[in-house]
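First the structure, in the form of structure tokens, and then the observations on it.
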Amino acid sequence: MDTVADDAPVAAPAGFTPISDDPKRFLNRELSWLDFNARVLESAADPETPLLERAKFCAIFSQNLDEFFQVRVAGLADQVIAGVGRTSADGLSPSETLRAVADRVGELVDRAEHLFLDRIVPALAEVGIVFSSWDQLDDDDRAYLVDEFESRIFPVLTPLAVDPGHPFPYISSLSLNLAVVLRDPFNGERRFARVKVPPLLPRFVVMPDGERFVPLEQVIASHLDRLFPGMEVVETFAFRVTRNADLTLEEEEADDLLAAVEMELRRRRFGVAVRLEVDARVTPEVRELLVRELDLTEDAVHESVGPLDLGGLWALRELDRPDLKDPPFTPVTQARLAANDDEKVDIFKVILDGDVLVHHPYDSFHTSVEEFVRQASRDPKVLAIKLTLYRTSGDSSIIKSLVRAAERGKQVAALVELKARFDEAANIGWARALETAGVHVTYGLVGLKTHTKTALVVRDEGSGVRSYCHIGTGNYNAKTAKLYEDLGILTADPVIGADLAQLFNYLTGYGRDVQYRRLLVAPHPLRSRLLELIDGEVAASRAVPGSGRIVMKMNSLVDPVSIDRLYAASQAGVEIDLVVRGICCLRPGVEGLSERIRVRSIIGRYLEHSRIFRFANGNGVGEPVTYIGSADLMPRNLDRRIEALVPVVDPALQRRIGEIIDVNLADDTLAWDLGPEGTWSHVPRVETVDAHLRFQELAQARARRTDTPRPL
């Protein structure tokens with residue numbers, strides 16, 4: 001998620017006229033995102049989902065909501081304070097949006113608590129996984145927890161009193177805390193104290209049987225006499241604060257972007273509070289104190305009857321209960337990339353024989369993308385490696401390969417995006433480690449995030465230098481490659497190689513009006529070219545009625561200009577299918593506006609992350625064109641980020657993309673449909689097609705055969 005400014009409207013392209021002046025043709029961005037999180041939550045309600053996976057979806061819902069408040073709600077609140085009167089594309093002002101968000105969040109949090117307390121907790125208890133409170137424990141259990149408290153918890157606790165000599169302490173964002181009311185038995189005075197629940201300790205204390213869990217804050221609350229000896233503990237309530245986590249960089253004024261980001265990270269700790277979550281049993285006295293000291297309004301208070309921070313349910317994933325989880329799936333290696341007789345395949349020879357399309361997590365990230373960079377780092381013929389890093393994992397083999405390549409004297413350049421939200425600190429660490437190893441590190445362009453997922457390897461092959469490329473939809477992150485659905489293409493196409501070299505030169509040097517022959521790059525030609533392709537389907541449909549067809553798959557659809565152009569295409573007879581995982585501000589199926597547009601969302605085991613843009617007549621009537629890449633149709637992606645889409649040229653790989661689209665559109669297990677009134681509903685089950693299971697089957701079949709490559 002990005003800031004409100006990041007999604008600010010942009011000037012429409014020259015010659016473009018909005019299809020209407022009615023703002024109701026757009027759905028509200030924030031409410032659409034909350035609808036997405038509601039779909040995530042409904043995965044926790046599905047009785048056919050394995051039980052520990054249902055708990056995982058509760059955790060994802062909770063963590064998603066945290067980020068939403070840290071960024072989106074915080075940004076809206078800033079606009080209200082600043083008196084910004086500009087309305088969003090759907091016609092709502094910031095204050096109106098905040099009120100609508102508050103109502104919807106209240107509904108969703110109530111739903112989450114009901115699901116967890118009334119359905120998931122009892123279901124877990126039936127299979128031996130019990131959430132216990134202190135009051136439910138017997139003497140032996142309590143004796144065990146007393147020992148745990150004394151040996152592991154008590155030493156790291158720091159009680160903080162609030163009185164004239166001790167001001168109200170700073171409460172860090174998303175920390176879990178206990179508000180404690182005490183009474184002095186000698187004079188009867190009531191005192192307030194705060195105890196922070198240590199964030200590095202497990203969220204739940206596991207009992208010796210390994211299948212009973214007691215919330216850590218309850219264990220602490222039951223031993224407060226050890227923290228406040230001689231005082232009477234009157235009452236205690238758990239609470240949690242969410243703060244504005246957005247960075248407010250003035251890049252144009254920053255002489256050193258690295259230093260500027262580090263400074264902003266330190267400031268982030270002291271961001272303005274935007275939400276207070278508190279135990280619903282809280283007394284008016286404590287509630288008023290917290291609201292006053294945190295400088296909040298009553299509207300920002302969310303009372304909870306369940307445990308705060310359901311994100312802690314991720315801990316249940318560590319239980320050795322395969323019967324309560326999705327069946328394990330091991331990513332496969334395509335036959336063309338598989339080793340023969342225990343010898344690793346020469347990945348450059350494979351790519352030279354024909355483009356390779358990888359579909360993660362079904363195709364192994366390790367034996368494709370990581371192996372591509374690894375072999376490049378060791379190959380004496382490789383002269384240079386260039387790569388963009390937006391987010392990567394802690395044990396990244398790609399980072400190790402870049403370091404190894406630099407140590408061997410290769411020219412290695414890494415563009416590290418320091419402003420990747422919530423990964424800023426990690427990326428600063430990667431940047432310094434790479435620089436120490438001799439890698440040329442740059443931090444992107446002023447005013448633009450580098451979001452593209454690209455790698456370029458330059459190899460001396462005797463007769464000349466050849467470029468090998470990887471362009472994908474997902475980050476160079478081995479951890480998320482097992483959880484996120486993404487696409488990537490490995491190619492030795494010389495035109496794409498030349499384009500990618502141009503892009504890297506632009507990113508690391510200076511340049512204006514950079515020209516690309518095949519890549520679509522934002523913020524330069526990508527927006528205008530996609531609009532041209534939409535218009536091309538309109539022209540084809542007018543020339544041959546019924547021939548216009550567009551399919552797009554993305555994370556979010558927000559850009560008003562693109563939405564209006566899709567509306568116009570629908571009115572001209574173009575059939576349009578959109579697969580949008582998250583935010584969708586387009587209203588489909590509206591008579592006279594969007595009858596030919598259908599929108600669906602896939603929510604399941606893997607996070608749908610790939611972007612596909614397919615136009616039936618992009619290369620002329622009856623000649624389809626397909627692009628994959630890093631960009632969603634959002635103002636920030638099209639106008640304020642470096643993005644890249646690459647065409648899929650090989651006919652066999654075009655058929656693969658068509659197969660992916662067909663499975664997405666056939667799914668009736670994980671899919672949701674968006675209706676004209678803006679509400680989402682489950683797709684009725686007919687054939688019981690589960691896209692994720694189907695892609696697993698297709699990948700396993702692909703590992704057993706060799707696709708016929710198309711030599712360049």
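Labels used: A, B, ... for chains in the order of the structure tokens, numbers from 1 for residues in each chain, and numbers from 1 for ligands as shown.
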Give me, as a ChimeraX atom specification, the residues of region 47-253 of chain A that a backbone DSSP run labels helix (DSSP H, G or I).
/A:51-81,94-126,134-136,139-156,216-221,224-227,251-253
With a distance cut-off of 12 Å and only C-alpha atoms, select the neighbouring residues of Ala123 (chain A), excluding the residue or stretch itself and same-chain residues fewer than 5 positions from it, and output the selection as a list in words.
Ala45, Pro47, Pro50, Leu51, Leu52, Arg54, Ala55, Leu115, Phe116, Leu117, Asp118, Gly128, Ile129, Val130, Phe131 and Leu324 of chain A
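The closest residue to Thr17 (chain A), picked from A:Arg600, A:Arg517, A:Arg565, A:His609 and counting only C-alpha atoms, is A:Arg565.
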Please list as number ranges by chain every residue within 6 Å of Tyr443 (chain A), counting only C-alpha atoms and excluding residues in the same chain fewer than 4 positions away.
A: 415-417
Restrict the selected residues to C-alpha atoms and save them as a compact mmCIF listing (two decimals), in the first residue's frame.
```
# COMPACT_ATOMS: atom_id res chain seq x y z
CA LEU A 415 19.47 -0.89 -7.96
CA VAL A 416 18.14 -1.11 -4.40
CA GLU A 417 14.83 0.63 -3.79
```
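Around Arg374 (chain A), within 9 Å and counting only C-alpha atoms, the residues found are Val369, Glu370, Glu371, Ser377, Arg378, Asp379, Ser397, Ile398, Lys400, Ser401, Leu402, Arg404 and Ala405 of chain A, once anything fewer than 3 positions away on its own chain is removed.
For the set A:Val574, A:Val458, A:Ile602, A:Leu316, the residue with the smallest atom-to-atom gap to Pro380 (chain A) is A:Val458, counting only C-alpha atoms.
Residues in contact with Thr297 (chain A) at 10 Å, where only C-alpha atoms are counted and same-chain residues fewer than 2 positions away are skipped, are listed as Val274, Arg275, Leu276, Glu288, Val291, Arg292, Leu294, Asp295, Asp299, Ala300 and Val301 of chain A.
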Dump of N, CA and C atoms for the selected residues, as a compact mmCIF listing (two decimals), in the first residue's frame:
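For reference, out.txt as written:
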```
# COMPACT_ATOMS: atom_id res chain seq x y z
N VAL A 274 -3.11 6.77 15.25
CA VAL A 274 -4.33 6.82 14.42
C VAL A 274 -5.38 5.80 14.87
N ARG A 275 -5.00 4.87 15.73
CA ARG A 275 -5.98 3.87 16.19
C ARG A 275 -5.59 3.36 17.57
N LEU A 276 -6.59 3.19 18.43
CA LEU A 276 -6.40 2.56 19.73
C LEU A 276 -7.31 1.34 19.80
N GLU A 288 -10.56 7.05 28.89
CA GLU A 288 -10.37 8.50 28.74
C GLU A 288 -8.91 8.88 28.87
N VAL A 291 -7.12 7.84 25.57
CA VAL A 291 -7.51 8.72 24.46
C VAL A 291 -6.83 10.09 24.61
N ARG A 292 -6.82 10.60 25.83
CA ARG A 292 -6.23 11.92 26.06
C ARG A 292 -4.72 11.91 25.83
N LEU A 294 -2.86 9.84 24.18
CA LEU A 294 -2.46 9.49 22.81
C LEU A 294 -2.96 10.50 21.79
N ASP A 295 -3.67 11.51 22.27
CA ASP A 295 -4.18 12.59 21.42
C ASP A 295 -5.05 12.04 20.29
N ASP A 299 -13.58 8.40 17.86
CA ASP A 299 -13.78 7.64 16.62
C ASP A 299 -12.62 6.69 16.34
N ALA A 300 -11.46 6.97 16.93
CA ALA A 300 -10.27 6.15 16.67
C ALA A 300 -10.15 4.97 17.62
N VAL A 301 -11.12 4.80 18.53
CA VAL A 301 -11.06 3.73 19.52
C VAL A 301 -11.85 2.53 19.02
```
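In this comparison, which uses only C-alpha atoms, the residue of A:Leu201, A:Val156, A:Ala492, A:Ala540 approaching Cys469 (chain A) most closely is A:Ala492.
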Which residues, written as a PyMOL selection string, have at least one atom at most 6 Å from region 681-695 of chain A, with only C-alpha atoms counted and residues fewer than 6 positions away on the same chain left out?
chain A and resi 663+667-669+671-673
Produce a file of the selected residues containing C-alpha atoms, as a PDB file, in the first residue's frame.
```pdb
ATOM      1  CA  VAL A 663      -8.004 -21.522 -15.444  1.00  0.00           C
ATOM      2  CA  ASP A 667     -12.313 -21.232 -11.175  1.00  0.00           C
ATOM      3  CA  ASP A 668     -15.485 -21.698  -9.161  1.00  0.00           C
ATOM      4  CA  THR A 669     -13.863 -22.582  -5.830  1.00  0.00           C
ATOM      5  CA  ALA A 671     -13.256 -17.007  -7.165  1.00  0.00           C
ATOM      6  CA  TRP A 672     -15.482 -14.052  -6.281  1.00  0.00           C
ATOM      7  CA  ASP A 673     -17.547 -11.933  -8.685  1.00  0.00           C
TER       8      ASP A 673
END
```
Could you go through region 168-351 of chain A and tell me which residues DSSP, when run on the backbone, assigns to strand (DSSP E or B), listing them as a ChimeraX atom specification?
/A:176-183,190-196,204-206,212-215,232-243,273-279,301-304,332,340,343
Okay, now the selection with C-alpha atoms, as a short mmCIF file (atom, residue, chain, number, x, y, z; two decimals), in the first residue's frame?
```
data_model
loop_
_atom_site.label_atom_id
_atom_site.label_comp_id
_atom_site.auth_asym_id
_atom_site.auth_seq_id
_atom_site.Cartn_x
_atom_site.Cartn_y
_atom_site.Cartn_z
CA LEU A 176 0.82 -4.97 22.88
CA ASN A 177 0.49 -3.36 26.30
CA LEU A 178 -1.25 -3.71 29.63
CA ALA A 179 -2.91 -0.70 31.24
CA VAL A 180 -2.74 -1.36 34.99
CA VAL A 181 -4.72 0.45 37.66
CA LEU A 182 -3.17 0.15 41.13
CA ARG A 183 -4.18 1.22 44.61
CA ARG A 190 -5.17 5.06 42.66
CA ARG A 191 -2.23 4.95 40.26
CA PHE A 192 -1.83 4.07 36.58
CA ALA A 193 1.01 2.08 35.04
CA ARG A 194 1.84 0.62 31.67
CA VAL A 195 3.53 -2.72 31.06
CA LYS A 196 4.72 -3.51 27.55
CA PHE A 204 1.31 -17.45 23.21
CA VAL A 205 2.90 -19.49 25.99
CA VAL A 206 2.78 -23.15 25.00
CA ARG A 212 -2.57 -25.69 24.76
CA PHE A 213 -1.87 -21.99 24.43
CA VAL A 214 -2.18 -19.18 26.95
CA PRO A 215 -1.94 -15.56 25.73
CA GLU A 232 -3.07 -3.69 45.11
CA VAL A 233 -3.82 -4.49 41.46
CA VAL A 234 -7.32 -3.12 40.89
CA GLU A 235 -7.77 -3.88 37.18
CA THR A 236 -5.83 -4.44 34.01
CA PHE A 237 -6.71 -4.11 30.33
CA ALA A 238 -4.81 -4.96 27.17
CA PHE A 239 -4.41 -2.20 24.59
CA ARG A 240 -2.59 -1.56 21.34
CA VAL A 241 -1.77 1.60 19.38
CA THR A 242 -1.35 2.02 15.61
CA ARG A 243 0.71 4.98 14.37
CA ALA A 273 -1.39 7.70 16.69
CA VAL A 274 -4.33 6.82 14.42
CA ARG A 275 -5.98 3.87 16.19
CA LEU A 276 -6.40 2.56 19.73
CA GLU A 277 -7.46 -1.06 20.18
CA VAL A 278 -8.50 -1.87 23.72
CA ASP A 279 -10.14 -4.60 25.77
CA VAL A 301 -11.06 3.73 19.52
CA HIS A 302 -11.85 0.10 18.69
CA GLU A 303 -13.01 -2.11 21.55
CA SER A 304 -12.35 -5.83 21.25
CA VAL A 332 8.77 -28.49 -9.63
CA ASN A 340 20.67 -34.71 -16.36
CA GLU A 343 24.86 -32.45 -13.78
#
```
